[in-house]
file protein.txt (compact mmCIF, C-alpha atoms)
# COMPACT_ATOMS: atom_id res chain seq x y z
CA MET A 17 -11.69 206.05 -33.72
CA LYS A 18 -14.86 207.72 -34.89
CA ALA A 19 -18.00 206.00 -33.59
CA TYR A 20 -20.01 204.17 -36.20
CA ASN A 21 -23.16 206.11 -37.12
CA GLU A 22 -25.17 204.33 -39.77
CA SER A 23 -27.50 207.15 -40.76
CA GLU A 24 -24.54 209.46 -41.21
CA LEU A 25 -22.74 206.82 -43.30
CA ILE A 26 -25.78 206.37 -45.55
CA SER A 27 -25.92 210.11 -46.10
CA LEU A 28 -22.21 210.27 -46.95
CA LEU A 29 -22.55 207.29 -49.31
CA GLN A 30 -25.08 209.22 -51.40
CA HIS A 31 -22.67 212.11 -51.92
CA PRO A 32 -20.14 211.71 -54.76
CA ASP A 33 -17.33 213.53 -52.93
CA SER A 34 -17.41 211.34 -49.85
CA CYS A 35 -18.75 208.10 -51.31
CA ARG A 36 -15.51 206.21 -51.87
CA GLN A 37 -13.94 207.10 -48.54
CA THR A 38 -17.16 206.23 -46.71
CA PHE A 39 -17.45 202.92 -48.52
CA GLU A 40 -13.99 202.03 -47.28
CA GLN A 41 -15.25 202.51 -43.74
CA VAL A 42 -18.21 200.27 -44.50
CA VAL A 43 -15.90 197.54 -45.78
CA ARG A 44 -13.71 197.83 -42.71
CA HIS A 45 -16.70 197.70 -40.35
CA TYR A 46 -18.60 194.80 -41.94
CA SER A 47 -15.74 192.59 -43.14
CA GLN A 48 -15.60 190.30 -40.14
CA PRO A 49 -19.31 189.71 -39.47
CA LEU A 50 -19.98 189.10 -43.16
CA TYR A 51 -16.90 186.91 -43.49
CA TRP A 52 -17.98 184.58 -40.68
CA GLN A 53 -21.54 184.36 -41.91
CA ILE A 54 -20.33 183.36 -45.38
CA ARG A 55 -17.70 181.02 -43.98
CA ARG A 56 -20.26 179.11 -41.94
CA MET A 57 -22.22 178.53 -45.12
CA VAL A 58 -19.45 177.54 -47.52
CA LEU A 59 -16.87 176.33 -44.94
CA ASN A 60 -13.82 176.93 -47.14
CA HIS A 61 -11.68 180.06 -46.54
CA ASP A 62 -10.74 180.73 -50.17
CA ASP A 63 -14.35 180.46 -51.35
CA THR A 64 -15.38 182.73 -48.49
CA ASP A 65 -12.77 185.29 -49.49
CA ASP A 66 -14.08 185.35 -53.09
CA LEU A 67 -17.71 185.65 -52.03
CA LEU A 68 -16.96 188.36 -49.49
CA GLN A 69 -15.15 190.49 -52.04
CA ASN A 70 -17.95 189.92 -54.55
CA THR A 71 -20.43 191.05 -51.90
CA PHE A 72 -18.68 194.36 -51.43
CA ILE A 73 -18.22 194.92 -55.16
CA LYS A 74 -21.92 194.27 -55.75
CA ALA A 75 -22.74 196.64 -52.91
CA TRP A 76 -20.61 199.32 -54.56
CA THR A 77 -22.17 198.89 -57.99
CA GLY A 78 -25.64 198.69 -56.43
CA LEU A 79 -25.31 201.84 -54.35
CA GLN A 80 -27.77 203.68 -56.60
CA GLN A 81 -30.45 201.14 -55.67
CA PHE A 82 -29.85 201.58 -51.95
CA ARG A 83 -32.16 204.31 -50.67
CA GLY A 84 -31.67 203.74 -46.96
CA ASP A 85 -35.13 202.22 -46.43
CA ALA A 86 -33.43 199.13 -44.98
CA SER A 87 -30.45 199.31 -42.66
CA LEU A 88 -26.98 199.04 -44.18
CA SER A 89 -26.31 195.78 -42.37
CA THR A 90 -29.58 194.22 -43.61
CA TRP A 91 -28.74 195.25 -47.15
CA LEU A 92 -25.19 193.88 -47.00
CA TYR A 93 -26.27 190.64 -45.32
CA ARG A 94 -28.88 190.15 -48.02
CA ILE A 95 -26.28 190.52 -50.78
CA ALA A 96 -23.91 188.16 -48.95
CA MET A 97 -26.57 185.49 -48.40
CA ASN A 98 -27.62 185.64 -52.06
CA GLU A 99 -23.98 185.21 -53.06
CA CYS A 100 -23.79 182.14 -50.79
CA LEU A 101 -26.95 180.57 -52.19
CA ASN A 102 -25.82 181.12 -55.78
CA PHE A 103 -22.43 179.64 -54.98
CA LEU A 104 -23.93 176.57 -53.29
CA ASN A 105 -26.32 176.02 -56.20
CA ARG A 106 -23.47 176.22 -58.71
CA ARG A 107 -21.40 173.79 -56.63
CA ARG A 108 -24.25 171.31 -56.44
CA GLU A 109 -24.77 171.49 -60.20
CA MET A 110 -21.04 171.09 -60.84
CA LEU A 111 -20.78 168.04 -58.60
CA SER A 112 -23.97 166.55 -60.06
CA MET A 113 -24.67 164.75 -56.79
CA ASP A 114 -27.57 164.56 -54.39
CA ASP A 115 -27.47 166.51 -51.12
CA GLU A 116 -26.12 163.62 -49.04
CA GLU A 117 -23.25 163.01 -51.42
CA VAL A 118 -22.42 166.72 -51.51
CA GLN A 119 -22.33 166.79 -47.70
CA HIS A 120 -19.92 163.85 -47.73
CA VAL A 121 -17.62 165.59 -50.23
CA VAL A 122 -17.72 168.86 -48.30
CA MET A 123 -16.91 167.16 -44.98
CA SER A 124 -13.99 165.35 -46.60
CA GLN A 125 -12.70 168.67 -47.88
CA LEU A 126 -13.15 170.21 -44.43
CA ASP A 127 -11.06 167.45 -42.84
CA GLU A 128 -8.22 168.35 -45.19
CA ASP A 129 -8.70 172.10 -44.89
CA PRO A 130 -5.61 173.76 -43.31
CA TRP A 131 -7.87 176.56 -42.06
CA PHE A 132 -10.02 174.22 -39.98
CA ASP A 133 -8.65 172.80 -36.78
CA GLY A 134 -11.86 171.97 -34.93
CA ASP A 135 -11.99 169.15 -32.43
CA GLN A 136 -14.34 166.22 -32.66
CA ALA A 137 -17.31 168.12 -31.20
CA GLU A 138 -16.80 171.08 -33.50
CA ARG A 139 -16.50 168.80 -36.48
CA ALA A 140 -19.70 167.01 -35.44
CA LEU A 141 -21.49 170.34 -35.16
CA GLN A 142 -20.41 171.37 -38.67
CA GLN A 143 -21.47 168.00 -40.00
CA ALA A 144 -24.87 168.37 -38.33
CA ILE A 145 -25.38 171.89 -39.67
CA LEU A 146 -24.46 170.64 -43.11
CA THR A 147 -27.44 168.25 -43.05
CA LEU A 148 -29.85 171.19 -42.91
CA PRO A 149 -31.36 172.64 -46.09
CA GLU A 150 -29.44 175.72 -47.13
CA LYS A 151 -31.96 178.33 -46.07
CA GLN A 152 -32.53 176.63 -42.73
CA ARG A 153 -28.78 176.52 -42.29
CA MET A 154 -28.72 180.28 -42.83
CA VAL A 155 -31.45 180.79 -40.23
CA PHE A 156 -29.59 178.65 -37.71
CA ASN A 157 -26.24 180.36 -38.28
CA LEU A 158 -27.69 183.88 -38.09
CA ARG A 159 -29.60 183.12 -34.91
CA TYR A 160 -27.20 180.86 -33.07
CA PHE A 161 -23.81 182.39 -33.92
CA ASP A 162 -24.69 186.02 -34.75
CA GLU A 163 -27.63 186.19 -32.33
CA MET A 164 -29.52 188.15 -34.95
CA GLY A 165 -33.07 189.19 -33.98
CA TYR A 166 -35.95 187.61 -35.89
CA GLU A 167 -37.18 190.99 -37.14
CA GLU A 168 -33.89 191.80 -38.82
CA MET A 169 -33.55 188.22 -40.04
CA SER A 170 -36.99 188.55 -41.59
CA ARG A 171 -35.76 191.56 -43.60
CA VAL A 172 -32.51 189.85 -44.60
CA LEU A 173 -34.12 186.59 -45.73
CA ASP A 174 -37.48 188.05 -46.81
CA THR A 175 -39.33 185.46 -44.72
CA SER A 176 -41.93 185.95 -42.00
CA VAL A 177 -40.88 185.98 -38.36
CA GLY A 178 -43.14 183.05 -37.59
CA ALA A 179 -41.61 180.92 -40.33
CA LEU A 180 -38.12 181.80 -39.13
CA LYS A 181 -38.92 180.85 -35.55
CA ALA A 182 -40.35 177.53 -36.66
CA SER A 183 -37.36 176.91 -38.93
CA TYR A 184 -34.89 177.66 -36.14
CA HIS A 185 -36.77 175.44 -33.71
CA HIS A 186 -36.65 172.49 -36.10
CA ALA A 187 -33.00 173.17 -36.92
CA VAL A 188 -32.08 173.05 -33.26
CA LYS A 189 -33.89 169.74 -32.77
CA LYS A 190 -32.24 168.17 -35.82
CA ILE A 191 -28.76 169.32 -34.85
CA GLU A 192 -29.07 168.24 -31.25
CA HIS A 193 -30.28 164.82 -32.36
CA TYR A 194 -27.54 164.47 -34.97
CA VAL A 195 -24.72 165.60 -32.67
CA GLY A 196 -26.07 163.39 -29.92
CA GLU A 197 -25.99 160.37 -32.22
CA ILE A 198 -22.46 161.09 -33.45
CA THR A 199 -21.04 161.62 -29.96
CA ALA A 200 -22.82 158.51 -28.68
CA THR A 201 -21.27 156.27 -31.34
CA ASP A 202 -17.74 157.67 -30.85
CA MET B 2 -36.72 182.89 -25.20
CA LYS B 3 -33.52 181.51 -26.70
CA GLU B 4 -33.41 177.74 -26.87
CA LYS B 5 -30.57 176.14 -24.91
CA MET B 6 -28.56 173.73 -26.95
CA ASN B 7 -26.28 171.00 -25.83
CA LEU B 8 -23.73 170.80 -28.60
CA HIS B 9 -20.74 169.72 -26.54
CA THR B 10 -18.90 172.76 -27.78
CA SER B 11 -18.76 176.48 -27.10
CA LYS B 12 -20.44 178.91 -29.45
CA GLY B 13 -17.38 181.13 -29.67
CA HIS B 14 -15.10 178.52 -31.20
CA THR B 15 -16.16 176.67 -34.33
CA GLY B 16 -12.79 175.38 -35.49
CA PHE B 17 -12.52 177.79 -38.39
CA ARG B 18 -9.28 179.76 -38.69
CA VAL B 19 -8.24 182.72 -40.78
CA PRO B 20 -4.78 183.43 -42.28
CA ASP B 21 -2.75 185.95 -40.31
CA GLY B 22 -3.34 189.55 -41.40
CA TYR B 23 -6.30 188.56 -43.58
CA PHE B 24 -8.73 191.19 -42.35
CA GLU B 25 -6.05 193.88 -42.20
CA SER B 26 -5.33 193.53 -45.91
CA LEU B 27 -8.90 192.78 -47.01
CA THR B 28 -10.13 196.37 -47.11
CA GLN B 29 -7.29 197.46 -49.38
CA ARG B 30 -7.82 194.50 -51.70
CA VAL B 31 -11.54 195.26 -52.01
CA MET B 32 -10.97 199.00 -52.65
CA GLU B 33 -8.38 198.18 -55.34
CA ARG B 34 -10.96 196.05 -57.15
CA LEU B 35 -13.56 198.81 -57.24
CA PRO B 36 -13.85 200.67 -60.57
CA GLU B 37 -11.95 203.95 -60.72
CA GLY B 38 -13.84 207.17 -60.21
CA GLU B 39 -17.02 207.93 -58.35
CA ALA B 40 -19.80 205.54 -57.44
CA PRO B 41 -22.08 204.54 -60.33
CA HIS B 42 -24.99 206.69 -59.18
CA ALA B 43 -22.79 209.77 -58.80
CA GLU B 44 -21.34 209.29 -62.31
CA ALA B 45 -24.81 208.83 -63.79
CA GLU B 46 -26.03 212.06 -62.28
CA ALA B 47 -22.95 213.95 -63.44
CA ALA B 48 -23.42 212.73 -67.05
CA VAL B 49 -26.85 214.31 -67.38
CA PRO B 50 -26.50 218.07 -68.16
CA ALA B 51 -28.80 220.61 -66.63
CA ALA B 52 -32.02 220.99 -68.56
CA GLU B 53 -32.13 223.81 -71.12
CA VAL B 54 -35.23 225.98 -71.26
CA ILE B 55 -36.32 226.70 -74.85
CA THR B 56 -38.97 229.34 -75.45
CA LEU B 57 -41.25 228.54 -78.40
CA ALA B 58 -42.54 231.35 -80.70
CA ALA B 59 -46.33 231.82 -80.94
CA PRO B 60 -47.81 229.93 -83.98
CA THR B 61 -48.81 231.98 -87.06
CA LEU B 62 -52.28 231.87 -88.63
CA TRP B 63 -51.00 229.65 -91.46
CA GLN B 64 -49.48 227.17 -88.98
CA ARG B 65 -52.79 226.92 -87.16
CA VAL B 66 -54.95 226.53 -90.29
CA ARG B 67 -52.58 224.26 -92.23
CA PRO B 68 -53.51 220.93 -90.58
CA TRP B 69 -57.24 221.49 -91.25
CA LEU B 70 -56.58 222.37 -94.90
CA TYR B 71 -54.52 219.21 -95.34
CA MET B 72 -57.36 217.14 -93.88
CA ALA B 73 -59.98 218.77 -96.14
CA ALA B 74 -57.81 218.15 -99.20
CA MET B 75 -57.41 214.53 -98.22
CA PHE B 76 -61.17 213.95 -97.97
CA ALA B 77 -61.81 215.79 -101.26
CA GLY B 78 -59.28 213.63 -103.05
CA ALA B 79 -60.77 210.47 -101.62
CA ALA B 80 -64.26 211.51 -102.76
CA LEU B 81 -62.97 212.19 -106.27
CA ILE B 82 -61.31 208.83 -106.56
CA ILE B 83 -64.44 207.04 -105.42
CA ARG B 84 -66.57 208.95 -107.93
CA VAL B 85 -64.28 208.18 -110.85
CA ALA B 86 -63.87 204.54 -110.01
CA SER B 87 -67.56 203.76 -109.53
CA PRO B 88 -70.10 203.69 -112.55
CA SER B 89 -72.59 206.63 -113.13
CA THR B 90 -76.24 206.52 -112.03
CA GLU B 91 -77.52 206.26 -115.62
CA GLU B 92 -75.21 203.38 -116.34
CA LYS B 93 -76.38 201.67 -113.19
CA ALA B 94 -80.03 202.10 -114.24
CA ALA B 95 -79.30 200.73 -117.75
CA ALA B 96 -77.53 197.72 -116.28
CA ILE B 97 -80.50 196.99 -114.03
CA ALA B 98 -82.89 197.33 -116.96
CA ARG B 99 -80.86 194.87 -119.04
CA GLU B 100 -80.87 192.32 -116.25
CA GLU B 101 -84.64 192.64 -115.89
CA ALA B 102 -85.14 192.27 -119.63
CA GLU B 103 -83.03 189.15 -119.75
CA SER B 104 -84.90 187.59 -116.87
CA GLN B 105 -88.26 188.41 -118.57
CA GLU B 106 -87.09 186.94 -121.86
CA ILE B 107 -86.04 183.75 -120.19
CA GLU B 108 -89.39 183.53 -118.45
CA TYR B 109 -91.18 184.08 -121.81
CA ILE B 110 -89.22 181.33 -123.50
CA GLU B 111 -89.91 178.90 -120.65
CA ASN B 112 -93.64 179.65 -120.85
CA ALA B 113 -93.57 179.18 -124.62
CA LEU B 114 -91.86 175.86 -124.32
CA ASP B 115 -94.36 174.67 -121.79
CA ALA B 116 -97.16 175.68 -124.13
CA ALA B 117 -95.54 173.87 -127.10
CA MET B 118 -95.08 170.79 -124.99
CA MET B 119 -91.64 170.34 -126.50
CA ASP B 120 -89.10 168.29 -124.62
CA ASP B 121 -85.44 169.23 -124.30
CA TYR B 122 -84.20 166.86 -127.00
CA SER B 123 -86.69 168.15 -129.52
CA LEU B 124 -85.78 171.70 -128.65
CA TYR B 125 -82.08 170.88 -129.16
CA ILE B 126 -82.78 169.43 -132.64
CA TYR B 127 -84.93 172.44 -133.56
CA LEU B 128 -82.23 174.89 -132.52
CA ALA B 129 -79.50 172.92 -134.33
CA GLU B 130 -81.50 172.92 -137.57
CA ASP B 131 -82.23 176.60 -137.14
CA THR B 132 -78.58 177.52 -136.85
CA ASN B 133 -77.64 175.50 -139.92
CA HIS B 134 -79.95 177.53 -142.05
call {"tool": "encode", "arguments": {"input": "protein.txt", "output": "C-alpha cells"}}
result
Amino acid sequence: MKAYNESELISLLQHPDSCRQTFEQVVRHYSQPLYWQIRRMVLNHDDTDDLLQNTFIKAWTGLQQFRGDASLSTWLYRIAMNECLNFLNRRREMLSMDDEEVQHVVMSQLDEDPWFDGDQAERALQQAILTLPEKQRMVFNLRYFDEMGYEEMSRVLDTSVGALKASYHHAVKKIEHYVGEITATD
Amino acid sequence: MKEKMNLHTSKGHTGFRVPDGYFESLTQRVMERLPEGEAPHAEAEAAVPAAEVITLAAPTLWQRVRPWLYMAAMFAGAALIIRVASPSTEEKAAAIAREEAESQEIEYIENALDAAMMDDYSLYIYLAEDTNH
C-alpha cells in the first residue's frame, strides 16, 4: 500500500485529472479518526454516519477554498467539528430543553443504543463527558482520546493554546470528580 | 506533561461499537454521493475560455475632437436658455426705476398727510367722496 504523503495528496487534489481518485484515498484514510471524533460528540452511530458523510461532501465541494495553508487533517477536522456543533445546536433547539435535560435524554438513548455496550465505568465516563460544554467536550475528546497536540488543536478549533490547556485542565478535574462521585454511590 | 486520569476504564475502549463492514463500505457510499464530474474548482476553471486579445484601431481626428465639441455645444445651449429666460438689462433698469418711483410717491403722500394733520378716518371719507365724483 502506498505510503500516505500529505503534500503529494494536496497537489493531486488540485489537479482535475487526479482529483476524484485522490479524494477517494483521503476518504479512506480519514474515515476512522473522523468517525470516532464525531461519535464521541454525538454518541449515536446513525447520526455519526450522517455527519461523517456530510463532512466529506462538504470537503469535496469546498476543495476550491482549500489552498494547502493548513494541513489536510486540520481542515477535515475543522469541517467535522463544525458539523457536530451545528447538529448539537439543532438537537437542543428541537428538544427545547435545558442542557441538563438534554443530557438526561441523551443518556437514556445511549442506554438503549444497540451500538453501545459499555460497562458501568464506560457509561459513567460518557455521562461525565456529557456534562461538559460542547466546545470543552471537543477539547477533552481531541486531547484525551486522539492525543492531538495543542498546536494542531488550536488550528482546528481556532482557539489559543493557552485557552485550550486551561479548558482541558478544567475538563479533567470535572470528569474525575463526576466519575468519582458516580462510582462511589454505586 | 499529560495529566494522569483515574477514570476506572481504559482509554482504548469506550463502549462504542460499529456495525460489521461499516468502514469497508463507507468510502464507496461517500464517493457515490459526490456530484458527477470533476471537482468544483476544476469545472469552474474549465468553463472560463482563454482570453482573446483584441487589437484596437488608432482613433481618428474626428473621434478625438468629438467629445470636446459636444461639451462646447452643451455649454452654448445652456447659455442661450439662460439668456432667453431671464429679462433684459433695460427691462431690469425700468423695473428698478418704477419701484423707486412708487416708494417716493408713498413717502410724498405720507409727508403730505402729516402736514394736513388728517387722521385715517377723515382720509377715508375724503377718498370715498372723491371716487364718487
call {"tool": "residues_around", "arguments": {"input": "protein.txt", "residues": "Arg83 in chain A", "least_positions_apart": "2", "cutoff": "12 Å", "atoms": "all atoms listed in the file", "output": "list in words"}}
result
Ser23, Ile26, Ser27, Leu29, Gln30, Gly78, Leu79, Gln80, Gln81, Asp85, Ala86, Ser87, Leu88 and Trp91 of chain A; His42 of chain B
call {"tool": "atom_distance", "arguments": {"input": "protein.txt", "atom1": "CA of Glu128 in chain A", "atom2": "CA of Phe156 in chain A"}}
result
24.9 Å
call {"tool": "closest_residue", "arguments": {"input": "protein.txt", "among": "B:Ile97, B:Ile82, B:Leu27, B:Met72", "to": "chain A", "atoms": "all atoms listed in the file"}}
result
B:Leu27
call {"tool": "atom_distance", "arguments": {"input": "protein.txt", "atom1": "CA of Arg107 in chain A", "atom2": "CA of Val122 in chain A"}}
result
10.4 Å
call {"tool": "residues_around", "arguments": {"input": "protein.txt", "residues": "range 54-59 of chain A", "least_positions_apart": "4", "cutoff": "10 Å", "atoms": "all atoms listed in the file", "output": "CSV table (one decimal) with C-alpha atoms, keeping the file's coordinate frame"}}
result
chain,number,residue,atom,x,y,z
A,48,GLN,CA,-15.6,190.3,-40.1
A,49,PRO,CA,-19.3,189.7,-39.5
A,50,LEU,CA,-20.0,189.1,-43.2
A,63,ASP,CA,-14.4,180.5,-51.4
A,64,THR,CA,-15.4,182.7,-48.5
A,65,ASP,CA,-12.8,185.3,-49.5
A,67,LEU,CA,-17.7,185.6,-52.0
A,68,LEU,CA,-17.0,188.4,-49.5
A,93,TYR,CA,-26.3,190.6,-45.3
A,96,ALA,CA,-23.9,188.2,-49.0
A,97,MET,CA,-26.6,185.5,-48.4
A,99,GLU,CA,-24.0,185.2,-53.1
A,100,CYS,CA,-23.8,182.1,-50.8
A,101,LEU,CA,-27.0,180.6,-52.2
A,103,PHE,CA,-22.4,179.6,-55.0
A,104,LEU,CA,-23.9,176.6,-53.3
A,122,VAL,CA,-17.7,168.9,-48.3
A,123,MET,CA,-16.9,167.2,-45.0
A,125,GLN,CA,-12.7,168.7,-47.9
A,126,LEU,CA,-13.2,170.2,-44.4
A,129,ASP,CA,-8.7,172.1,-44.9
A,131,TRP,CA,-7.9,176.6,-42.1
A,132,PHE,CA,-10.0,174.2,-40.0
A,142,GLN,CA,-20.4,171.4,-38.7
A,145,ILE,CA,-25.4,171.9,-39.7
A,146,LEU,CA,-24.5,170.6,-43.1
A,150,GLU,CA,-29.4,175.7,-47.1
A,151,LYS,CA,-32.0,178.3,-46.1
A,153,ARG,CA,-28.8,176.5,-42.3
A,154,MET,CA,-28.7,180.3,-42.8
A,157,ASN,CA,-26.2,180.4,-38.3
A,158,LEU,CA,-27.7,183.9,-38.1
A,161,PHE,CA,-23.8,182.4,-33.9
B,15,THR,CA,-16.2,176.7,-34.3
B,17,PHE,CA,-12.5,177.8,-38.4
call {"tool": "atom_distance", "arguments": {"input": "protein.txt", "atom1": "CA of Lys181 in chain A", "atom2": "CA of Leu148 in chain A"}}
result
15.2 Å
